[in-house]
Amino acid sequence: QADGQRRMVEICTRSYRILTEIVGMPPEDIIFDPNILTVATGMPEHNDYAKAFFEATALIKKHLPHALVSGGLSNVSFSFRGNNPVREAIHATFLYHGIQAGLDMAIVNAGQLAVYGDLPDELRERIEDAVFNRRPDYTERLLEIADQTEGQVREKTNDLGTGLVEPLGVVLADAAGSGDGDAQHLFHFSSDTKRADSPSVGSPEAERPHRIDLF
């Protein structure tokens, strides 16, 4: 599978040419998933996975006109399975920076998405160390504060789980765009995500993952 920026771009470029030049598919109908893979596993060969995705996304958006980029967000935080608050914080951070790189849509659990701008500063910094591979000890530093994080992140994200006052679309837009006045985005939600606004929180309908289209 493609696990580096170069390979991700090579596969998407070849697919784009086949689909547009041979098959005749409109490029705006093409959605690439370059591969979101797990970081902070303790294995050095995994350290650049998130950074590679960001870089590949930017190149795809630059060189493959009108093609869209998507990805399954939960993969990036799989090394912290069982620690949902940290996973939510990793997802929010990855989504925020993914949007900057050109990410158009993502598969996320809409009921478990922290607000990037509300993350504790130390936690956000250590997660960004991880997704950008900024220092060799990022995994150990993230583990150091993982157990301390649960209460802080839960307190910030409680409105996503119970007592929604605003429509889900407003909450999710805030979650992905908070923290930078230049990073606000219009969101188009699939019909599945719109339906998540109406079921009671905790129901199977409300808990299943939803696709979010970011335009």
# chains A, B, ... in the order shown; residues from 1 in each chain; ligands from 1
>>> closest_atom_pairs(of="range 67-114 of chain A", to="range 129-148 of chain A", cutoff="8 Å", atoms="only C-alpha atoms", output="Markdown table")
| residue | atom | partner | partner_atom | distance |
| --- | --- | --- | --- | --- |
| A:Asn83 | CA | A:Ala146 | CA | 7.9 |
| A:Val86 | CA | A:Ala146 | CA | 6.4 |
| A:Phe94 | CA | A:Val131 | CA | 7.1 |
>>> closest_residue(among="A:Ile127, A:Ile18, A:Leu37, A:Met25", to="Ala92 in chain A", atoms="only C-alpha atoms")
A:Ile127
